[in-house]
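A.B. asks: Before we start, here is the structure in question, set down as structure tokens.
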Amino acid sequence: MVAFRALHLDCLQMPTAEHNLLGDTAAPGRTGRTGRSVLDSIGNTPLLRLERIGRAFPHVEFCAKAEWFNPGGSVKDRPALGMLQAGLASGALRPGKTILDATSGNTGIAYAMIGAALGYPVKLFLPENASHERKLVLFAYGAETVLTPGDEGTDGAIRRVRELHAAEPEKYFYPDQYSHAANWQAHYHTTANEIWEQTGGRITHFVAGLGTSGTFVGTTRRLKELNPAIRCISLQPDAPFHGLEGWKHMATALRPAIYDDTLADEDLGVSTEEAYGLVKRLAREEGLLVSPSAAAALAGCFQVAAGIPRGERAVVVTVFADSASKYLSERFWQET
Ligand SMILES: Cc1ncc(COP(=O)(O)O)c(C=O)c1O
């Protein structure tokens with residue numbers, strides 16, 4: 001909470017209504033108002049201990065940040081709030097502007113939720129094959145969506161957003177989550193510190209998948225400051241065409257400007273099939289209904305655990321980006 005509270009309080013110093021709104025959300029005690037706003041509920045997610053699924057590695061404790069506890073349902077509430085706050089603070093996001101970005105879904109949902117809470121319209125470009133549930137959620141929040149060719153993935157959506165923004169820059173606030181420092185900084189200020197506090201500083205390994213890379217880059221930068229001995233391992237799909245929604249195969253994708261490939265101690269590939277297998281095991285052995293990308297993160301943790309000598313104790317922490325709720329209609333649940 002500490003860091004977002006600091007961000008909110010920074011906003012308190014700003015004169016406009018939007019900033020006061022954000023400030024109020026963080027300081028109910030100061031304003032005498034009861035309860036907390038939806039925006040103040042972002043972050044501070046539980047760190048879940050996996051009790052059974054990692055039993056092949058008795059010397060390793062596996063923990064995961066349950067990011068679906070964020071009000072928008074995913075890890076992306078954190079960077080979306082950070083980028084919109086940065087826009088409000090600089091004046092780039094002001095009344096009359098529409099929030100515009102390309103997103104495979106979760107960041108769009110976060111923009112749609114926060115935009116609604118702040119009173120800003122939101123327009124999103126996403127690949128037509130993004131899950132049906134994601135599109136329904138965006139519609140429910142009142143966001144405008146533009147579907148781009150599925151075979152071009154998020155890169156096709158990014159190209160089209162850039163064209164639109166270049167044509168009408170005065171109409172839109174385009175945070176560009178792939179290039180905006182507030183994306184990784186949100187994780188630097190919140191996710192990393194929460195993990196450090198929730199493990200009592202016992203974390204030995206941090207493992208996370210790469211999409212925009214914000215989660216991995218920001219969390220790793222802060223954790224390495226807190227303890228340089230923490231090993232940080234990034235994960236990618238093991239092939240350009242994959243079913244890990246939210247992850248990027250960096251070698252063949254548009255490279256996010258915020259991605260720093262020198263940060264990882266190791267970079268591992270995860271197969272979609274392995275993730276589909278683990279997603280069902282997580283549901284049935286742990287009672288956790290998570291997304292394929294969360295299961296893929298656990299697959300990466302198991303690869304890491306396989307390399308940790310039996311005599312060594314380890315605390316491996318990962319991020320479960322979202323729950324299964326947006327993927328329940330997918331076929332893999334039925335496959336054996
Ligand atoms: C489901 C899911 N998992 C993982 C990620 C990756 O997070 P990041 O963009 O911070 O690298 C995303 C990003 O959109 C996502 O939607």
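Chain lettering (A, B, ...) mirrors the order of the structure tokens, residue numbering begins at 1 for each chain separately, and ligand numbering begins at 1 in order of display.
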Which residues form the shell of 7 Å around ligand 1 when you count only C-alpha atoms and all ligand atoms, given as a list in words?

C.D. replies: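 These are the residues that qualify: Lys76, Ser104, Gly105, Asn106, Thr107, Gly209, Leu210, Gly211, Thr212, Ser213, Gly214, Thr215, Phe216, Glu245, Gly246, Trp247, Ser291, Ser293, Ala294, Ala321 and Asp322 of chain A.
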
A.B. asks: Near Ile195 of chain A, counting only C-alpha atoms, which residues have an atom at most 8 Å away, once you skip same-chain residues fewer than 4 positions from it, shown as a PyMOL selection string?

C.D. replies: chain A and resi 47+65+191+199+203+317

A.B. asks: Those selected residues, please, written with N, CA and C atoms and delivered as an mmCIF file, in the first residue's frame.

C.D. replies:
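So again_16.cif came out as:
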```cif
data_model
loop_
_atom_site.group_PDB
_atom_site.id
_atom_site.type_symbol
_atom_site.label_atom_id
_atom_site.label_comp_id
_atom_site.auth_asym_id
_atom_site.auth_seq_id
_atom_site.Cartn_x
_atom_site.Cartn_y
_atom_site.Cartn_z
ATOM 1 N N LEU A 47 -0.497 -12.990 -0.869
ATOM 2 C CA LEU A 47 0.556 -13.896 -1.366
ATOM 3 C C LEU A 47 0.130 -15.300 -0.964
ATOM 4 N N LYS A 65 1.529 -14.265 -6.069
ATOM 5 C CA LYS A 65 0.683 -13.097 -5.832
ATOM 6 C C LYS A 65 -0.642 -13.321 -6.557
ATOM 7 N N THR A 191 4.397 -4.051 -6.211
ATOM 8 C CA THR A 191 4.502 -5.519 -6.232
ATOM 9 C C THR A 191 5.753 -6.006 -5.501
ATOM 10 N N THR A 199 6.964 -12.007 2.401
ATOM 11 C CA THR A 199 7.838 -13.163 2.644
ATOM 12 C C THR A 199 8.772 -12.889 3.825
ATOM 13 N N ILE A 203 12.305 -14.343 0.361
ATOM 14 C CA ILE A 203 12.299 -14.709 -1.064
ATOM 15 C C ILE A 203 13.731 -14.952 -1.568
ATOM 16 N N VAL A 317 8.925 -17.186 -5.639
ATOM 17 C CA VAL A 317 7.704 -16.362 -5.707
ATOM 18 C C VAL A 317 7.403 -16.004 -7.159
#
```

A.B. asks: Could you tell me, as a PyMOL selection string, which residues of segment 135-247 of chain A DSSP assigns to alpha helix (DSSP H) when given the backbone?

C.D. replies: chain A and resi 135-140+153-167+181-186+192-198+214-226

A.B. asks: Restricting it to N, CA and C atoms, dump the selection as a short mmCIF file (atom, residue, chain, number, x, y, z; two decimals), in the first residue's frame.

C.D. replies:
```cif
data_model
loop_
_atom_site.label_atom_id
_atom_site.label_comp_id
_atom_site.auth_asym_id
_atom_site.auth_seq_id
_atom_site.Cartn_x
_atom_site.Cartn_y
_atom_site.Cartn_z
N LYS A 135 -13.86 -9.37 -24.00
CA LYS A 135 -14.61 -8.38 -24.78
C LYS A 135 -15.89 -7.99 -24.04
N LEU A 136 -16.56 -8.98 -23.43
CA LEU A 136 -17.81 -8.69 -22.70
C LEU A 136 -17.56 -7.76 -21.52
N VAL A 137 -16.45 -7.99 -20.83
CA VAL A 137 -16.14 -7.15 -19.67
C VAL A 137 -15.89 -5.71 -20.12
N LEU A 138 -15.13 -5.55 -21.21
CA LEU A 138 -14.84 -4.19 -21.72
C LEU A 138 -16.14 -3.47 -22.08
N PHE A 139 -17.03 -4.20 -22.73
CA PHE A 139 -18.32 -3.64 -23.12
C PHE A 139 -19.10 -3.23 -21.87
N ALA A 140 -19.07 -4.10 -20.85
CA ALA A 140 -19.82 -3.82 -19.62
C ALA A 140 -19.34 -2.54 -18.94
N GLY A 153 -1.85 -10.60 -33.88
CA GLY A 153 -1.67 -10.52 -32.43
C GLY A 153 -1.74 -9.08 -31.92
N THR A 154 -1.13 -8.87 -30.73
CA THR A 154 -1.17 -7.51 -30.15
C THR A 154 -0.38 -6.53 -31.01
N ASP A 155 0.62 -7.03 -31.74
CA ASP A 155 1.42 -6.12 -32.57
C ASP A 155 0.56 -5.39 -33.60
N GLY A 156 -0.42 -6.10 -34.18
CA GLY A 156 -1.32 -5.48 -35.15
C GLY A 156 -2.13 -4.37 -34.49
N ALA A 157 -2.58 -4.63 -33.25
CA ALA A 157 -3.36 -3.62 -32.50
C ALA A 157 -2.48 -2.41 -32.20
N ILE A 158 -1.23 -2.66 -31.84
CA ILE A 158 -0.30 -1.55 -31.52
C ILE A 158 -0.10 -0.68 -32.75
N ARG A 159 0.12 -1.31 -33.91
CA ARG A 159 0.35 -0.53 -35.15
C ARG A 159 -0.84 0.38 -35.45
N ARG A 160 -2.04 -0.15 -35.29
CA ARG A 160 -3.23 0.65 -35.61
C ARG A 160 -3.45 1.79 -34.62
N VAL A 161 -3.17 1.54 -33.36
CA VAL A 161 -3.30 2.61 -32.37
C VAL A 161 -2.31 3.73 -32.69
N ARG A 162 -1.09 3.35 -33.07
CA ARG A 162 -0.09 4.38 -33.40
C ARG A 162 -0.56 5.23 -34.57
N GLU A 163 -1.17 4.59 -35.56
CA GLU A 163 -1.67 5.34 -36.73
C GLU A 163 -2.75 6.33 -36.29
N LEU A 164 -3.70 5.85 -35.48
CA LEU A 164 -4.80 6.72 -35.05
C LEU A 164 -4.29 7.89 -34.21
N HIS A 165 -3.38 7.58 -33.29
CA HIS A 165 -2.85 8.63 -32.41
C HIS A 165 -2.07 9.66 -33.22
N ALA A 166 -1.30 9.18 -34.22
CA ALA A 166 -0.54 10.12 -35.06
C ALA A 166 -1.48 11.03 -35.84
N ALA A 167 -2.64 10.49 -36.24
CA ALA A 167 -3.59 11.28 -37.05
C ALA A 167 -4.34 12.31 -36.20
N ALA A 181 7.28 4.38 -18.68
CA ALA A 181 8.05 3.99 -17.48
C ALA A 181 7.15 3.73 -16.28
N ALA A 182 5.98 4.40 -16.23
CA ALA A 182 5.08 4.17 -15.08
C ALA A 182 4.57 2.73 -15.03
N ASN A 183 4.63 2.02 -16.16
CA ASN A 183 4.24 0.61 -16.17
C ASN A 183 5.15 -0.18 -15.23
N TRP A 184 6.46 -0.17 -15.52
CA TRP A 184 7.36 -0.97 -14.64
C TRP A 184 7.49 -0.33 -13.26
N GLN A 185 7.38 1.00 -13.21
CA GLN A 185 7.53 1.68 -11.90
C GLN A 185 6.41 1.29 -10.93
N ALA A 186 5.22 1.00 -11.46
CA ALA A 186 4.12 0.56 -10.57
C ALA A 186 4.54 -0.71 -9.83
N ALA A 192 6.88 -5.42 -5.81
CA ALA A 192 8.15 -5.87 -5.22
C ALA A 192 8.16 -5.69 -3.71
N ASN A 193 7.72 -4.51 -3.26
CA ASN A 193 7.75 -4.25 -1.81
C ASN A 193 6.75 -5.14 -1.07
N GLU A 194 5.61 -5.40 -1.71
CA GLU A 194 4.64 -6.31 -1.08
C GLU A 194 5.25 -7.70 -0.93
N ILE A 195 5.91 -8.19 -1.98
CA ILE A 195 6.51 -9.53 -1.93
C ILE A 195 7.58 -9.58 -0.83
N TRP A 196 8.37 -8.54 -0.77
CA TRP A 196 9.43 -8.48 0.24
C TRP A 196 8.82 -8.55 1.64
N GLU A 197 7.79 -7.75 1.86
CA GLU A 197 7.16 -7.73 3.19
C GLU A 197 6.42 -9.03 3.47
N GLN A 198 5.71 -9.56 2.47
CA GLN A 198 4.88 -10.75 2.71
C GLN A 198 5.72 -12.01 2.90
N GLY A 214 6.58 -5.22 -17.92
CA GLY A 214 6.51 -4.32 -16.76
C GLY A 214 6.60 -5.04 -15.42
N THR A 215 5.89 -6.15 -15.28
CA THR A 215 5.90 -6.88 -14.01
C THR A 215 7.30 -7.35 -13.68
N PHE A 216 7.95 -7.99 -14.68
CA PHE A 216 9.27 -8.54 -14.41
C PHE A 216 10.30 -7.44 -14.18
N VAL A 217 10.30 -6.44 -15.05
CA VAL A 217 11.33 -5.39 -14.98
C VAL A 217 11.22 -4.60 -13.67
N GLY A 218 10.00 -4.14 -13.33
CA GLY A 218 9.85 -3.31 -12.15
C GLY A 218 10.09 -4.08 -10.86
N THR A 219 9.53 -5.29 -10.78
CA THR A 219 9.68 -6.08 -9.55
C THR A 219 11.14 -6.48 -9.37
N THR A 220 11.77 -6.89 -10.47
CA THR A 220 13.18 -7.31 -10.38
C THR A 220 14.07 -6.15 -9.96
N ARG A 221 13.88 -4.98 -10.56
CA ARG A 221 14.75 -3.84 -10.20
C ARG A 221 14.69 -3.56 -8.69
N ARG A 222 13.50 -3.59 -8.11
CA ARG A 222 13.37 -3.29 -6.68
C ARG A 222 13.89 -4.44 -5.81
N LEU A 223 13.54 -5.68 -6.19
CA LEU A 223 13.99 -6.81 -5.37
C LEU A 223 15.51 -6.88 -5.34
N LYS A 224 16.15 -6.59 -6.48
CA LYS A 224 17.63 -6.63 -6.52
C LYS A 224 18.23 -5.56 -5.62
N GLU A 225 17.51 -4.43 -5.46
CA GLU A 225 17.99 -3.41 -4.51
C GLU A 225 17.85 -3.90 -3.07
N LEU A 226 16.74 -4.60 -2.81
CA LEU A 226 16.48 -5.06 -1.44
C LEU A 226 17.43 -6.19 -1.06
#
```

A.B. asks: Name all residues at most 9 Å from Asn44 of chain A (count only C-alpha atoms; drop same-chain ones fewer than 4 positions away) and give them as a list in words.

C.D. replies: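 My list of contacting residues is Met1, Glu67, Phe69, Asn70, Thr190, Thr191 and Glu194 of chain A.
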
A.B. asks: Those residues you just picked out, can you put them in a file as a short mmCIF file (atom, residue, chain, number, x, y, z; two decimals), in the first residue's frame with N, CA and C atoms?

C.D. replies:
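Heads up, here's the output in part-v6.cif:
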```
data_model
loop_
_atom_site.label_atom_id
_atom_site.label_comp_id
_atom_site.auth_asym_id
_atom_site.auth_seq_id
_atom_site.Cartn_x
_atom_site.Cartn_y
_atom_site.Cartn_z
N MET A 1 0.83 -1.21 0.00
CA MET A 1 0.00 0.00 0.00
C MET A 1 0.85 1.25 0.00
N GLU A 67 -3.24 -11.91 -8.16
CA GLU A 67 -3.52 -10.59 -8.71
C GLU A 67 -4.97 -10.38 -9.13
N PHE A 69 -7.26 -10.41 -7.17
CA PHE A 69 -7.88 -9.67 -6.08
C PHE A 69 -7.93 -8.17 -6.35
N ASN A 70 -7.21 -7.72 -7.38
CA ASN A 70 -7.35 -6.32 -7.79
C ASN A 70 -8.76 -6.10 -8.32
N THR A 190 5.19 -1.13 -5.85
CA THR A 190 4.16 -1.88 -5.11
C THR A 190 4.46 -3.38 -5.07
N THR A 191 4.40 -4.05 -6.21
CA THR A 191 4.50 -5.52 -6.23
C THR A 191 5.75 -6.01 -5.50
N GLU A 194 5.61 -5.40 -1.71
CA GLU A 194 4.64 -6.31 -1.08
C GLU A 194 5.25 -7.70 -0.93
#
```

A.B. asks: Record the distance separating atom CA of Arg49 of chain A and atom CA of Ala66 of chain A, expressed in Å with one decimal.

C.D. replies: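 Between these atoms lies a distance of 10.0 Å.
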
A.B. asks: Show which residues sit within 7 Å of Met83 of chain A, as a list in words. Count only C-alpha atoms, and ignore same-chain residues fewer than 3 positions away.

C.D. replies: Pro79, Ala80, Ala86, Gly87, Pro175, Ala182 and Asn183 of chain A

A.B. asks: Now that the selection is made, can you save its residues with N, CA and C atoms as a short mmCIF file (atom, residue, chain, number, x, y, z; two decimals), in the first residue's frame?

C.D. replies:
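Once everything was written out, this is part20.cif:
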```cif
data_model
loop_
_atom_site.label_atom_id
_atom_site.label_comp_id
_atom_site.auth_asym_id
_atom_site.auth_seq_id
_atom_site.Cartn_x
_atom_site.Cartn_y
_atom_site.Cartn_z
N PRO A 79 -0.20 -1.10 -13.20
CA PRO A 79 0.40 -0.16 -14.16
C PRO A 79 -0.61 0.79 -14.79
N ALA A 80 -1.84 0.33 -15.00
CA ALA A 80 -2.83 1.24 -15.61
C ALA A 80 -3.06 2.44 -14.70
N ALA A 86 0.11 9.36 -13.89
CA ALA A 86 1.19 10.16 -14.49
C ALA A 86 0.61 11.14 -15.51
N GLY A 87 -0.39 10.68 -16.27
CA GLY A 87 -1.03 11.55 -17.26
C GLY A 87 -1.77 12.70 -16.60
N PRO A 175 -1.30 6.26 -23.36
CA PRO A 175 -0.21 5.96 -22.42
C PRO A 175 0.88 5.08 -23.05
N ALA A 182 5.98 4.40 -16.23
CA ALA A 182 5.08 4.17 -15.08
C ALA A 182 4.57 2.73 -15.03
N ASN A 183 4.63 2.02 -16.16
CA ASN A 183 4.24 0.61 -16.17
C ASN A 183 5.15 -0.18 -15.23
#
```

A.B. asks: Return as a ChimeraX atom specification the full set of residues in segment 154-305 of chain A whose backbone-based DSSP assignment is strand (DSSP E).

C.D. replies: /A:172-173,205-209,231-237,266-270
